[in-house]
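Reproduced below: work-v4.tsv, with TSV, C-alpha atoms and all ligand atoms.
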chain	number	residue	atom	x	y	z
A	1	MET	CA	90.29	-34.40	-6.02
A	2	SER	CA	88.60	-36.15	-8.82
A	3	VAL	CA	89.99	-34.87	-12.07
A	4	THR	CA	90.86	-37.11	-14.99
A	5	ILE	CA	92.63	-35.98	-18.11
A	6	LYS	CA	93.41	-37.68	-21.39
A	7	PHE	CA	95.42	-36.29	-24.29
A	8	LEU	CA	93.84	-37.06	-27.64
A	9	GLY	CA	97.00	-35.74	-29.28
A	10	GLY	CA	99.97	-33.43	-28.90
A	11	ALA	CA	101.16	-34.72	-25.52
A	12	GLU	CA	104.51	-36.09	-26.68
A	13	LYS	CA	105.29	-33.66	-29.48
A	14	VAL	CA	104.35	-30.31	-30.97
A	15	GLY	CA	101.25	-30.74	-33.12
A	16	SER	CA	97.57	-31.84	-33.13
A	17	LEU	CA	96.90	-30.94	-29.50
A	18	GLY	CA	93.73	-31.94	-27.65
A	19	MET	CA	93.21	-32.50	-23.92
A	20	LEU	CA	90.05	-33.90	-22.35
A	21	LEU	CA	89.41	-32.92	-18.74
A	22	GLU	CA	86.65	-34.47	-16.62
A	23	THR	CA	85.63	-33.17	-13.25
A	24	TRP	CA	82.43	-32.59	-11.32
A	25	GLY	CA	80.40	-34.49	-13.91
A	26	LYS	CA	81.48	-32.34	-16.84
A	27	ARG	CA	83.72	-33.18	-19.75
A	28	LEU	CA	85.72	-30.29	-21.24
A	29	LEU	CA	88.03	-30.37	-24.25
A	30	PHE	CA	90.94	-27.94	-24.57
A	31	ASP	CA	92.07	-27.42	-28.19
A	32	TYR	CA	91.60	-29.85	-31.06
A	33	GLY	CA	94.20	-29.37	-33.78
A	34	LEU	CA	95.86	-31.16	-36.66
A	35	THR	CA	99.49	-31.25	-37.81
A	36	PRO	CA	99.72	-29.88	-41.36
A	37	THR	CA	102.50	-32.27	-42.44
A	38	ASP	CA	102.52	-34.34	-45.61
A	39	PRO	CA	100.24	-36.28	-44.99
A	40	PRO	CA	98.48	-34.42	-42.13
A	41	GLU	CA	98.33	-35.94	-38.64
A	42	TYR	CA	95.10	-36.04	-36.65
A	43	PRO	CA	94.35	-36.46	-32.94
A	44	LEU	CA	92.35	-39.43	-31.59
A	45	PRO	CA	88.61	-39.06	-32.23
A	46	ALA	CA	86.97	-36.88	-29.59
A	47	PRO	CA	83.91	-38.12	-27.70
A	48	ARG	CA	80.94	-35.84	-27.05
A	49	VAL	CA	81.94	-33.08	-24.67
A	50	ASP	CA	80.05	-30.46	-22.69
A	51	ARG	CA	82.21	-27.57	-23.90
A	52	VAL	CA	85.36	-26.88	-25.91
A	53	PHE	CA	87.85	-24.13	-25.05
A	54	LEU	CA	90.19	-23.08	-27.84
A	55	THR	CA	93.47	-21.36	-26.92
A	56	HIS	CA	94.43	-19.87	-30.29
A	57	ALA	CA	94.10	-20.07	-34.05
A	58	HIS	CA	97.28	-21.98	-35.03
A	59	VAL	CA	96.14	-25.14	-36.83
A	60	ASP	CA	97.94	-27.51	-34.45
A	61	HIS	CA	95.45	-26.24	-31.82
A	62	SER	CA	92.38	-25.30	-33.89
A	63	GLY	CA	92.53	-27.36	-37.09
A	64	MET	CA	89.93	-29.99	-36.13
A	65	ILE	CA	87.38	-27.60	-34.59
A	66	PRO	CA	85.15	-27.69	-37.71
A	67	TRP	CA	85.09	-31.51	-37.55
A	68	LEU	CA	84.12	-31.30	-33.89
A	69	CYS	CA	81.30	-28.85	-34.62
A	70	GLY	CA	80.05	-30.68	-37.72
A	71	HIS	CA	80.20	-34.21	-36.27
A	72	LYS	CA	79.63	-33.68	-32.54
A	73	ASP	CA	77.82	-30.35	-32.56
A	74	ALA	CA	80.34	-29.09	-29.99
A	75	ILE	CA	80.04	-25.57	-28.58
A	76	VAL	CA	83.41	-23.80	-28.68
A	77	HIS	CA	84.45	-20.86	-26.50
A	78	THR	CA	87.34	-18.59	-27.44
A	79	VAL	CA	88.26	-14.91	-27.81
A	80	PRO	CA	86.79	-13.00	-30.79
A	81	PRO	CA	89.89	-12.64	-33.03
A	82	THR	CA	90.55	-16.38	-32.70
A	83	ILE	CA	87.05	-17.10	-34.02
A	84	ASP	CA	87.65	-15.03	-37.16
A	85	VAL	CA	91.17	-16.30	-37.81
A	86	SER	CA	90.38	-19.98	-37.25
A	87	LEU	CA	87.39	-19.86	-39.60
A	88	LEU	CA	89.57	-18.24	-42.26
A	89	LEU	CA	92.29	-20.89	-41.79
A	90	ALA	CA	89.68	-23.67	-41.91
A	91	GLU	CA	88.41	-22.46	-45.26
A	92	ASP	CA	91.96	-22.16	-46.56
A	93	SER	CA	93.12	-25.60	-45.39
A	94	ASN	CA	89.95	-27.15	-46.80
A	95	LYS	CA	90.94	-25.67	-50.16
A	96	ILE	CA	94.57	-26.85	-49.88
A	97	CYS	CA	93.51	-30.39	-48.82
A	98	GLY	CA	91.30	-30.49	-51.89
A	99	ILE	CA	94.20	-29.56	-54.14
A	100	GLU	CA	96.78	-31.93	-52.67
A	101	GLY	CA	94.33	-34.84	-52.70
A	102	TYR	CA	94.29	-35.72	-48.99
A	103	PRO	CA	91.00	-36.88	-47.55
A	104	GLN	CA	89.40	-33.80	-46.08
A	105	PRO	CA	88.64	-34.06	-42.36
A	106	TYR	CA	85.70	-31.67	-42.75
A	107	ASP	CA	83.70	-29.91	-45.44
A	108	LYS	CA	82.10	-26.52	-45.87
A	109	HIS	CA	79.00	-27.58	-43.92
A	110	ASP	CA	81.19	-28.37	-40.92
A	111	ILE	CA	82.83	-24.95	-41.24
A	112	ALA	CA	79.39	-23.34	-41.37
A	113	GLN	CA	78.43	-25.29	-38.23
A	114	ALA	CA	81.62	-24.07	-36.52
A	115	GLU	CA	80.69	-20.52	-37.39
A	116	MET	CA	77.36	-21.05	-35.59
A	117	ASN	CA	78.87	-22.90	-32.62
A	118	PHE	CA	81.62	-20.44	-31.67
A	119	ARG	CA	80.88	-18.39	-28.52
A	120	PRO	CA	83.03	-15.30	-27.90
A	121	LEU	CA	84.69	-14.95	-24.50
A	122	ARG	CA	86.87	-11.98	-23.56
A	123	TYR	CA	90.08	-12.18	-21.49
A	124	GLY	CA	89.03	-12.14	-17.84
A	125	GLN	CA	85.40	-13.08	-18.53
A	126	THR	CA	84.06	-16.17	-16.71
A	127	LYS	CA	82.28	-19.03	-18.50
A	128	ARG	CA	80.43	-21.32	-16.11
A	129	VAL	CA	80.00	-24.98	-17.10
A	130	GLY	CA	78.00	-26.72	-14.35
A	131	ASP	CA	79.93	-25.75	-11.22
A	132	ILE	CA	83.21	-25.17	-13.05
A	133	ASP	CA	84.37	-21.64	-13.90
A	134	VAL	CA	86.69	-21.17	-16.88
A	135	ILE	CA	88.43	-17.85	-17.54
A	136	PRO	CA	90.70	-16.97	-20.50
A	137	ARG	CA	93.92	-15.03	-19.77
A	138	SER	CA	96.39	-13.60	-22.28
A	139	ALA	CA	99.04	-16.16	-23.26
A	140	GLY	CA	101.37	-13.66	-24.97
A	141	HIS	CA	101.91	-15.98	-27.95
A	142	ILE	CA	99.97	-14.28	-30.78
A	143	PRO	CA	97.09	-11.76	-30.69
A	144	GLY	CA	94.12	-13.41	-28.98
A	145	ALA	CA	96.10	-16.42	-27.69
A	146	ALA	CA	94.52	-17.50	-24.41
A	147	MET	CA	95.44	-19.74	-21.53
A	148	TYR	CA	92.52	-21.06	-19.48
A	149	GLU	CA	92.17	-20.75	-15.73
A	150	ILE	CA	89.86	-23.55	-14.55
A	151	HIS	CA	88.18	-23.36	-11.14
A	152	GLY	CA	86.99	-26.72	-9.86
A	153	GLU	CA	87.84	-28.21	-6.50
A	154	GLU	CA	91.28	-26.76	-7.17
A	155	VAL	CA	92.55	-24.11	-9.58
A	156	MET	CA	94.06	-25.42	-12.82
A	157	LEU	CA	95.73	-23.64	-15.73
A	158	PHE	CA	95.93	-24.87	-19.33
A	159	THR	CA	98.55	-22.76	-21.12
A	160	GLY	CA	98.16	-23.65	-24.81
A	161	ASP	CA	101.23	-21.97	-26.35
A	162	ILE	CA	102.77	-19.24	-24.19
A	163	ASN	CA	105.37	-16.53	-24.44
A	164	THR	CA	106.39	-14.55	-21.37
A	165	THR	CA	108.72	-12.20	-23.28
A	166	PRO	CA	106.99	-9.19	-24.84
A	167	THR	CA	107.26	-8.99	-28.63
A	168	ARG	CA	106.42	-6.06	-30.89
A	169	LEU	CA	103.03	-7.64	-31.52
A	170	VAL	CA	101.84	-8.74	-28.04
A	171	GLU	CA	102.69	-8.30	-24.36
A	172	GLY	CA	104.17	-11.30	-22.52
A	173	ALA	CA	101.98	-13.68	-20.51
A	174	GLU	CA	101.71	-13.16	-16.75
A	175	PRO	CA	101.71	-16.26	-14.53
A	176	VAL	CA	98.36	-17.21	-12.96
A	177	ARG	CA	98.23	-18.76	-9.46
A	178	CYS	CA	97.11	-22.36	-9.67
A	179	ASP	CA	97.39	-25.77	-8.01
A	180	VAL	CA	97.68	-27.82	-11.19
A	181	LEU	CA	99.48	-26.54	-14.30
A	182	PHE	CA	99.15	-28.02	-17.79
A	183	MET	CA	102.11	-26.43	-19.56
A	184	GLU	CA	103.38	-26.50	-23.15
A	185	SER	CA	107.00	-27.62	-23.64
A	186	THR	CA	107.83	-26.66	-27.23
A	187	TYR	CA	111.22	-25.17	-26.28
A	188	ALA	CA	112.04	-27.56	-23.44
A	189	GLY	CA	115.82	-27.94	-23.42
A	190	ARG	CA	116.37	-24.98	-25.76
A	191	GLU	CA	117.01	-21.31	-25.00
A	192	HIS	CA	116.36	-18.24	-27.14
A	193	PRO	CA	119.10	-15.68	-27.77
A	194	PRO	CA	118.20	-12.20	-26.42
A	195	ARG	CA	115.34	-10.75	-28.46
A	196	GLU	CA	116.92	-7.31	-29.03
A	197	LYS	CA	120.05	-8.91	-30.46
A	198	VAL	CA	118.03	-11.09	-32.86
A	199	GLU	CA	116.03	-8.08	-34.04
A	200	TYR	CA	119.20	-6.01	-34.46
A	201	ASP	CA	120.94	-8.77	-36.44
A	202	PHE	CA	117.88	-9.27	-38.65
A	203	LEU	CA	117.71	-5.57	-39.56
A	204	ALA	CA	121.48	-5.42	-40.10
A	205	LYS	CA	121.21	-8.31	-42.55
A	206	VAL	CA	118.33	-6.64	-44.41
A	207	GLU	CA	120.48	-3.53	-44.79
A	208	GLU	CA	123.47	-5.53	-45.99
A	209	VAL	CA	121.43	-7.42	-48.61
A	210	VAL	CA	119.64	-4.31	-49.89
A	211	ASP	CA	122.93	-2.36	-50.01
A	212	ARG	CA	124.57	-4.98	-52.20
A	213	GLY	CA	121.62	-4.85	-54.61
A	214	GLY	CA	119.88	-8.04	-53.50
A	215	LYS	CA	116.32	-8.72	-52.42
A	216	VAL	CA	115.19	-10.04	-49.06
A	217	ILE	CA	112.60	-12.80	-48.99
A	218	ALA	CA	111.14	-13.26	-45.50
A	219	PRO	CA	108.98	-16.42	-45.48
A	220	ALA	CA	106.48	-15.92	-42.65
A	221	PHE	CA	103.45	-17.64	-41.13
A	222	ALA	CA	100.29	-15.67	-41.85
A	223	VAL	CA	99.25	-15.73	-38.20
A	224	GLY	CA	101.58	-13.73	-35.95
A	225	ARG	CA	104.91	-13.79	-37.75
A	226	THR	CA	103.91	-11.70	-40.79
A	227	GLN	CA	102.74	-8.95	-38.42
A	228	GLU	CA	105.84	-9.22	-36.22
A	229	ILE	CA	108.17	-8.79	-39.21
A	230	LEU	CA	106.16	-5.86	-40.58
A	231	LEU	CA	106.42	-4.18	-37.16
A	232	LEU	CA	110.17	-4.80	-37.16
A	233	LEU	CA	110.56	-3.22	-40.61
A	234	ARG	CA	108.30	-0.25	-39.78
A	235	GLY	CA	109.99	3.12	-40.21
A	236	GLN	CA	113.18	1.62	-41.65
A	237	GLY	CA	112.54	3.13	-45.07
A	238	TYR	CA	112.62	-0.06	-47.16
A	239	ASP	CA	110.33	-0.81	-50.07
A	240	VAL	CA	108.42	-3.61	-48.31
A	241	TRP	CA	105.82	-5.85	-49.95
A	242	VAL	CA	103.50	-8.27	-48.19
A	243	ASP	CA	101.94	-11.27	-49.93
A	244	GLY	CA	99.77	-14.24	-48.91
A	245	MET	CA	97.12	-14.67	-46.25
A	246	GLY	CA	99.08	-12.57	-43.76
A	247	LYS	CA	97.43	-9.54	-45.39
A	248	THR	CA	93.91	-10.67	-44.44
A	249	ILE	CA	94.98	-11.80	-40.96
A	250	THR	CA	96.60	-8.40	-40.30
A	251	GLY	CA	93.27	-6.80	-41.27
A	252	ILE	CA	91.47	-8.98	-38.71
A	253	TYR	CA	93.93	-8.00	-35.96
A	254	GLN	CA	93.53	-4.32	-36.83
A	255	GLY	CA	89.82	-4.76	-36.11
A	256	TYR	CA	90.58	-6.14	-32.62
A	257	GLY	CA	92.94	-3.50	-31.27
A	258	GLY	CA	92.63	-4.65	-27.67
A	259	TYR	CA	94.38	-7.92	-28.46
A	260	VAL	CA	97.44	-6.27	-30.02
A	261	ARG	CA	100.18	-4.49	-28.05
A	262	ASP	CA	99.94	-1.31	-30.14
A	263	VAL	CA	97.35	-1.41	-32.89
A	264	ARG	CA	98.35	2.05	-34.19
A	265	LYS	CA	101.87	0.81	-34.84
A	266	LEU	CA	100.51	-2.30	-36.53
A	267	SER	CA	98.29	-0.19	-38.79
A	268	LYS	CA	101.23	2.07	-39.60
A	269	ALA	CA	103.44	-0.92	-40.40
A	270	MET	CA	100.75	-2.40	-42.63
A	271	GLY	CA	100.15	1.00	-44.23
A	272	GLU	CA	103.84	1.37	-45.09
A	273	ALA	CA	103.97	-2.06	-46.75
A	274	LYS	CA	102.58	-2.53	-50.24
A	275	LYS	CA	100.09	-5.34	-50.67
A	276	VAL	CA	100.61	-7.78	-53.51
A	277	ARG	CA	97.47	-8.46	-55.50
A	278	GLY	CA	97.58	-11.14	-58.20
A	279	PRO	CA	100.38	-12.19	-60.57
A	280	LYS	CA	100.88	-8.63	-61.82
A	281	GLY	CA	101.43	-7.48	-58.24
A	282	ARG	CA	104.11	-10.16	-57.84
A	283	LYS	CA	106.04	-8.72	-60.75
A	284	MET	CA	105.89	-5.28	-59.12
A	285	ALA	CA	106.94	-6.72	-55.75
A	286	MET	CA	110.03	-8.19	-57.44
A	287	LYS	CA	111.15	-4.62	-58.05
A	288	GLY	CA	110.93	-3.88	-54.32
A	289	GLU	CA	113.49	-4.60	-51.59
A	290	VAL	CA	111.83	-6.82	-48.99
A	291	ILE	CA	109.02	-9.34	-49.54
A	292	VAL	CA	107.22	-10.80	-46.51
A	293	THR	CA	105.15	-13.77	-47.60
A	294	THR	CA	103.63	-17.17	-46.76
A	295	SER	CA	104.30	-19.95	-46.27
A	296	GLY	CA	106.65	-19.76	-43.31
A	297	MET	CA	108.18	-23.18	-43.99
A	298	LEU	CA	108.22	-22.78	-47.79
A	299	ASP	CA	105.69	-25.58	-48.28
A	300	GLY	CA	103.67	-23.78	-50.92
A	301	GLY	CA	102.27	-20.27	-50.98
A	302	PRO	CA	103.56	-17.31	-53.01
A	303	VAL	CA	107.04	-17.56	-51.41
A	304	LEU	CA	108.08	-20.30	-53.84
A	305	GLN	CA	107.38	-18.09	-56.87
A	306	TYR	CA	109.69	-15.40	-55.52
A	307	VAL	CA	112.40	-17.89	-54.62
A	308	GLU	CA	112.15	-19.57	-57.99
A	309	ALA	CA	112.79	-16.21	-59.68
A	310	LEU	CA	115.71	-15.34	-57.39
A	311	LYS	CA	117.27	-18.74	-56.72
A	312	ASP	CA	120.43	-18.12	-58.77
A	313	ASP	CA	121.09	-14.66	-57.31
A	314	PRO	CA	123.72	-14.86	-54.54
A	315	LYS	CA	123.13	-11.17	-53.73
A	316	SER	CA	119.58	-11.97	-52.54
A	317	ALA	CA	118.71	-13.68	-49.26
A	318	ILE	CA	116.06	-15.83	-47.63
A	319	LEU	CA	115.69	-14.80	-44.00
A	320	LEU	CA	113.90	-17.51	-42.01
A	321	THR	CA	112.42	-16.44	-38.69
A	322	GLY	CA	110.37	-19.42	-37.57
A	323	TYR	CA	111.20	-22.92	-36.44
A	324	GLN	CA	111.46	-25.19	-39.51
A	325	VAL	CA	109.79	-28.49	-38.71
A	326	GLU	CA	111.42	-31.78	-39.77
A	327	GLY	CA	110.14	-32.86	-43.18
A	328	THR	CA	109.27	-29.36	-44.44
A	329	ASN	CA	110.80	-27.57	-47.39
A	330	GLY	CA	112.25	-24.94	-45.04
A	331	ARG	CA	114.13	-27.61	-43.10
A	332	LEU	CA	115.38	-29.07	-46.40
A	333	LEU	CA	116.72	-25.62	-47.30
A	334	MET	CA	118.51	-25.22	-43.97
A	335	ASP	CA	120.02	-28.71	-44.10
A	336	THR	CA	120.93	-29.05	-47.79
A	337	GLY	CA	120.69	-25.62	-49.47
A	338	THR	CA	118.09	-27.04	-51.85
A	339	LEU	CA	114.33	-26.61	-52.16
A	340	ASP	CA	111.56	-28.66	-53.70
A	341	ILE	CA	109.92	-26.32	-56.22
A	342	SER	CA	106.96	-27.90	-58.06
A	343	GLY	CA	108.40	-31.38	-57.59
A	344	VAL	CA	111.92	-30.50	-58.76
A	345	ARG	CA	114.86	-30.33	-56.34
A	346	GLU	CA	116.53	-26.95	-57.00
A	347	LYS	CA	119.89	-25.68	-55.72
A	348	ILE	CA	119.39	-22.30	-54.03
A	349	LYS	CA	122.29	-19.90	-54.51
A	350	MET	CA	120.72	-17.15	-52.40
A	351	GLU	CA	122.08	-16.51	-48.92
A	352	VAL	CA	120.02	-18.33	-46.28
A	353	ASP	CA	119.96	-17.18	-42.65
A	354	PHE	CA	117.91	-18.00	-39.58
A	355	TYR	CA	116.71	-15.52	-36.94
A	356	ASP	CA	114.94	-16.83	-33.85
A	357	LEU	CA	111.86	-14.58	-33.60
A	358	SER	CA	109.98	-17.30	-31.74
A	359	ALA	CA	106.62	-16.65	-30.11
A	360	HIS	CA	107.20	-19.39	-27.50
A	361	ALA	CA	108.78	-19.16	-24.07
A	362	GLY	CA	112.27	-20.70	-24.03
A	363	HIS	CA	113.39	-23.32	-21.51
A	364	LYS	CA	114.31	-21.00	-18.66
A	365	GLU	CA	111.19	-18.86	-19.12
A	366	LEU	CA	109.05	-22.02	-18.90
A	367	VAL	CA	110.79	-23.01	-15.66
A	368	GLU	CA	110.27	-19.49	-14.24
A	369	PHE	CA	106.63	-19.46	-15.32
A	370	ALA	CA	105.94	-22.82	-13.68
A	371	ARG	CA	107.50	-21.61	-10.42
A	372	GLU	CA	105.63	-18.31	-10.43
A	373	THR	CA	102.24	-20.02	-10.76
A	374	GLY	CA	102.86	-21.66	-7.37
A	375	ALA	CA	101.54	-24.95	-8.79
A	376	GLU	CA	102.26	-28.15	-6.88
A	377	ARG	CA	101.55	-30.48	-9.76
A	378	VAL	CA	102.63	-29.91	-13.35
A	379	VAL	CA	101.53	-31.81	-16.44
A	380	LEU	CA	103.96	-31.23	-19.33
A	381	MET	CA	102.59	-31.46	-22.87
A	382	HIS	CA	103.14	-30.30	-26.46
A	383	GLY	CA	106.90	-30.91	-26.67
A	384	ASP	CA	109.31	-33.62	-27.77
A	385	ASN	CA	111.86	-33.05	-25.00
A	386	ARG	CA	109.67	-32.78	-21.90
A	387	GLU	CA	112.21	-34.73	-19.85
A	388	ALA	CA	114.62	-31.75	-19.94
A	389	LEU	CA	111.96	-29.55	-18.40
A	390	ALA	CA	110.87	-32.19	-15.89
A	391	GLU	CA	114.44	-32.38	-14.63
A	392	ASP	CA	114.55	-28.66	-13.86
A	393	ILE	CA	111.26	-28.71	-11.94
A	394	SER	CA	111.79	-32.05	-10.20
A	395	ASP	CA	111.31	-30.37	-6.80
A	396	PHE	CA	107.58	-29.89	-7.54
A	397	ALA	CA	105.28	-32.33	-5.72
A	398	GLU	CA	104.38	-34.10	-8.98
A	399	VAL	CA	105.49	-33.74	-12.59
A	400	TYR	CA	103.59	-35.82	-15.14
A	401	LEU	CA	104.59	-36.62	-18.73
A	402	PRO	CA	101.44	-38.30	-20.05
A	403	ARG	CA	101.33	-40.11	-23.40
A	404	ASN	CA	98.60	-39.67	-25.98
A	405	GLY	CA	95.60	-41.82	-25.10
A	406	GLU	CA	96.70	-42.41	-21.49
A	407	VAL	CA	94.14	-41.64	-18.78
A	408	LEU	CA	95.63	-39.72	-15.89
A	409	ARG	CA	93.87	-39.30	-12.55
A	410	LEU	CA	95.12	-36.23	-10.73
A	501	ZN	ZN	100.78	-21.53	-31.56
A	502	ZN	ZN	101.36	-25.07	-30.58
Represent the structure from my file as structure tokens, please.
Amino acid sequence: MSVTIKFLGGAEKVGSLGMLLETWGKRLLFDYGLTPTDPPEYPLPAPRVDRVFLTHAHVDHSGMIPWLCGHKDAIVHTVPPTIDVSLLLAEDSNKICGIEGYPQPYDKHDIAQAEMNFRPLRYGQTKRVGDIDVIPRSAGHIPGAAMYEIHGEEVMLFTGDINTTPTRLVEGAEPVRCDVLFMESTYAGREHPPREKVEYDFLAKVEEVVDRGGKVIAPAFAVGRTQEILLLLRGQGYDVWVDGMGKTITGIYQGYGGYVRDVRKLSKAMGEAKKVRGPKGRKMAMKGEVIVTTSGMLDGGPVLQYVEALKDDPKSAILLTGYQVEGTNGRLLMDTGTLDISGVREKIKMEVDFYDLSAHAGHKELVEFARETGAERVVLMHGDNREALAEDISDFAEVYLPRNGEVLRL
């Protein structure tokens, strides 16, 4: 079969993913993201492509889409909620880049071009490019996350980020039969504790902190995690406040009920929580019990204002629920008990705990998923410990661990 692939980024680690695939005279690009580190990391420049397929709205998959549309006039297919959320994130990151003084990879004209170049595609709907059929399937990662089934001479599957375990927000991904599997490896070599236990422990800690008169700060990503935590807190009777862009994103998801496991529950959860509006709202939220707010890794966002006010209160707690990437403020907090607040290193006397509410399949789920697709050849990507995964699927006909920039003929 004549298929060539080349990773423009994100092959060897989590971040700035982009995979070019050429077959039957067409060139397709799957995802084109950036890594929002300090400074940001970008993928290799993309050539002109026939079509782009975007798996989901997280910036490490979608962050460079406006550049692609503005500079290459690329046409981008993805599911409707992903269009709305990625445009919102693009506008936001353009603003943040402006503030922090990094060169901006795109401007508002590029974002406007992206808005014109997005083409909605529903789960299960076929997009034909030449003789190739591409079909999005639910990836179970966040609302609207898609994996792409690609029908050329053989059937291929590009997973983007996947989760096979159902969460409160979305159902788990079902394996798709294929010959060649391009699979993410974020949690290669690492397992998740049982979900129910993590949820139980999280709620028990919230109760403990509130009972002793402290406040719970739950730093959360706007996309996915804010909603998951609100669903977890639903009906528990706490005075919950939600701050940051998670409010707007939740509104978008409420408008696309079909992409959420139970949109009524999500609306109820959002309805129970009070929304923080402006500095005055933040003062009111400080009188509440639980504050769910961006950013998830404490690198800016309203969360730092709350933590600054509570940092000397050992009765209060910061409950982290997402992986804290090396080099972020959240990682600094976990490793040293200090945080960088407006350029000053502050000792945090609050309790700090971590709960693994990941939206990624763990190691054994990835192995199971790969087996259930029936694939003969597997290309591992988007992980810094792919070797661990390769070892556990070494009985497959071929397992590839390509490097960024390397051309692979399958
Ligand atoms: Zn993701
Ligand atoms: Zn990812």
Nearby residues (all atoms listed in the file) at most 12 Å from stretch 257-272 of chain A, same-chain spacing under 6 positions excluded, as an NGL selection string: :A and (79-82 or 122-123 or 137-146 or 166-172 or 224 or 226-243 or 246-251 or 292)
Please identify every polymer residue within 7 Å of ligand ZN 502 (chain A), using only C-alpha atoms and all ligand atoms, and present the set as a PDB file with C-alpha atoms, in the coordinates of the input.
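And here's out25.pdb as it stands now:
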ATOM      1  CA  VAL A  14     104.350 -30.310 -30.970  1.00  0.00           C
ATOM      2  CA  GLY A  15     101.250 -30.740 -33.120  1.00  0.00           C
ATOM      3  CA  HIS A  58      97.280 -21.980 -35.030  1.00  0.00           C
ATOM      4  CA  ASP A  60      97.940 -27.510 -34.450  1.00  0.00           C
ATOM      5  CA  HIS A  61      95.450 -26.240 -31.820  1.00  0.00           C
ATOM      6  CA  GLY A 160      98.160 -23.650 -24.810  1.00  0.00           C
ATOM      7  CA  ASP A 161     101.230 -21.970 -26.350  1.00  0.00           C
ATOM      8  CA  HIS A 382     103.140 -30.300 -26.460  1.00  0.00           C
TER       9      HIS A 382
END
Rank nothing, just name the residue among A:Thr159, A:Gln305, A:Thr336, A:Asn94 nearest to ligand ZN 501 (chain A), using all atoms listed in the file.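 Smallest distance to ligand ZN 501 (chain A) is found for A:Thr159.
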Which polymer residues have any atom within 8 Å of an atom of A:Ser358, counting all atoms listed in the file, with same-chain residues fewer than 5 positions away left out, as a list in words?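 Answer for this query is His192, Thr321, Gly322 and Tyr323 of chain A.
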Radius query 7 Å about (95.6, -33.7, -25.2), atoms used: all atoms listed in the file, as number ranges by chain: A: 6-11, 17-20, 404
Pick from A:Gly152, A:Gly300, A:His360, A:Met350, whichever lies nearest to ligand ZN 501 (chain A) using all atoms listed in the file: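 Smallest separation from ligand ZN 501 (chain A) among the options: A:His360.
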Given the choices A:Met334, A:Met183, A:Leu28, A:Val303, which gets closest to A:Val134 if the distance is worked out from all atoms listed in the file? A:Leu28
Near-A:Ser93 list (12 Å; only C-alpha atoms; drop same-chain fewer than 4 positions) as an mmCIF file with C-alpha atoms, in the coordinates of the input:
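In the end it all went to part00.cif:
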data_model
loop_
_atom_site.group_PDB
_atom_site.id
_atom_site.type_symbol
_atom_site.label_atom_id
_atom_site.label_comp_id
_atom_site.auth_asym_id
_atom_site.auth_seq_id
_atom_site.Cartn_x
_atom_site.Cartn_y
_atom_site.Cartn_z
ATOM 1 C CA LEU A 34 95.860 -31.160 -36.660
ATOM 2 C CA THR A 35 99.490 -31.250 -37.810
ATOM 3 C CA PRO A 36 99.720 -29.880 -41.360
ATOM 4 C CA THR A 37 102.500 -32.270 -42.440
ATOM 5 C CA PRO A 40 98.480 -34.420 -42.130
ATOM 6 C CA HIS A 58 97.280 -21.980 -35.030
ATOM 7 C CA VAL A 59 96.140 -25.140 -36.830
ATOM 8 C CA SER A 62 92.380 -25.300 -33.890
ATOM 9 C CA GLY A 63 92.530 -27.360 -37.090
ATOM 10 C CA MET A 64 89.930 -29.990 -36.130
ATOM 11 C CA PRO A 66 85.150 -27.690 -37.710
ATOM 12 C CA SER A 86 90.380 -19.980 -37.250
ATOM 13 C CA LEU A 87 87.390 -19.860 -39.600
ATOM 14 C CA LEU A 88 89.570 -18.240 -42.260
ATOM 15 C CA LEU A 89 92.290 -20.890 -41.790
ATOM 16 C CA CYS A 97 93.510 -30.390 -48.820
ATOM 17 C CA GLY A 98 91.300 -30.490 -51.890
ATOM 18 C CA ILE A 99 94.200 -29.560 -54.140
ATOM 19 C CA GLU A 100 96.780 -31.930 -52.670
ATOM 20 C CA GLY A 101 94.330 -34.840 -52.700
ATOM 21 C CA TYR A 102 94.290 -35.720 -48.990
ATOM 22 C CA PRO A 103 91.000 -36.880 -47.550
ATOM 23 C CA GLN A 104 89.400 -33.800 -46.080
ATOM 24 C CA PRO A 105 88.640 -34.060 -42.360
ATOM 25 C CA TYR A 106 85.700 -31.670 -42.750
ATOM 26 C CA ASP A 107 83.700 -29.910 -45.440
ATOM 27 C CA LYS A 108 82.100 -26.520 -45.870
ATOM 28 C CA ILE A 111 82.830 -24.950 -41.240
ATOM 29 C CA MET A 245 97.120 -14.670 -46.250
ATOM 30 C CA GLY A 301 102.270 -20.270 -50.980
#
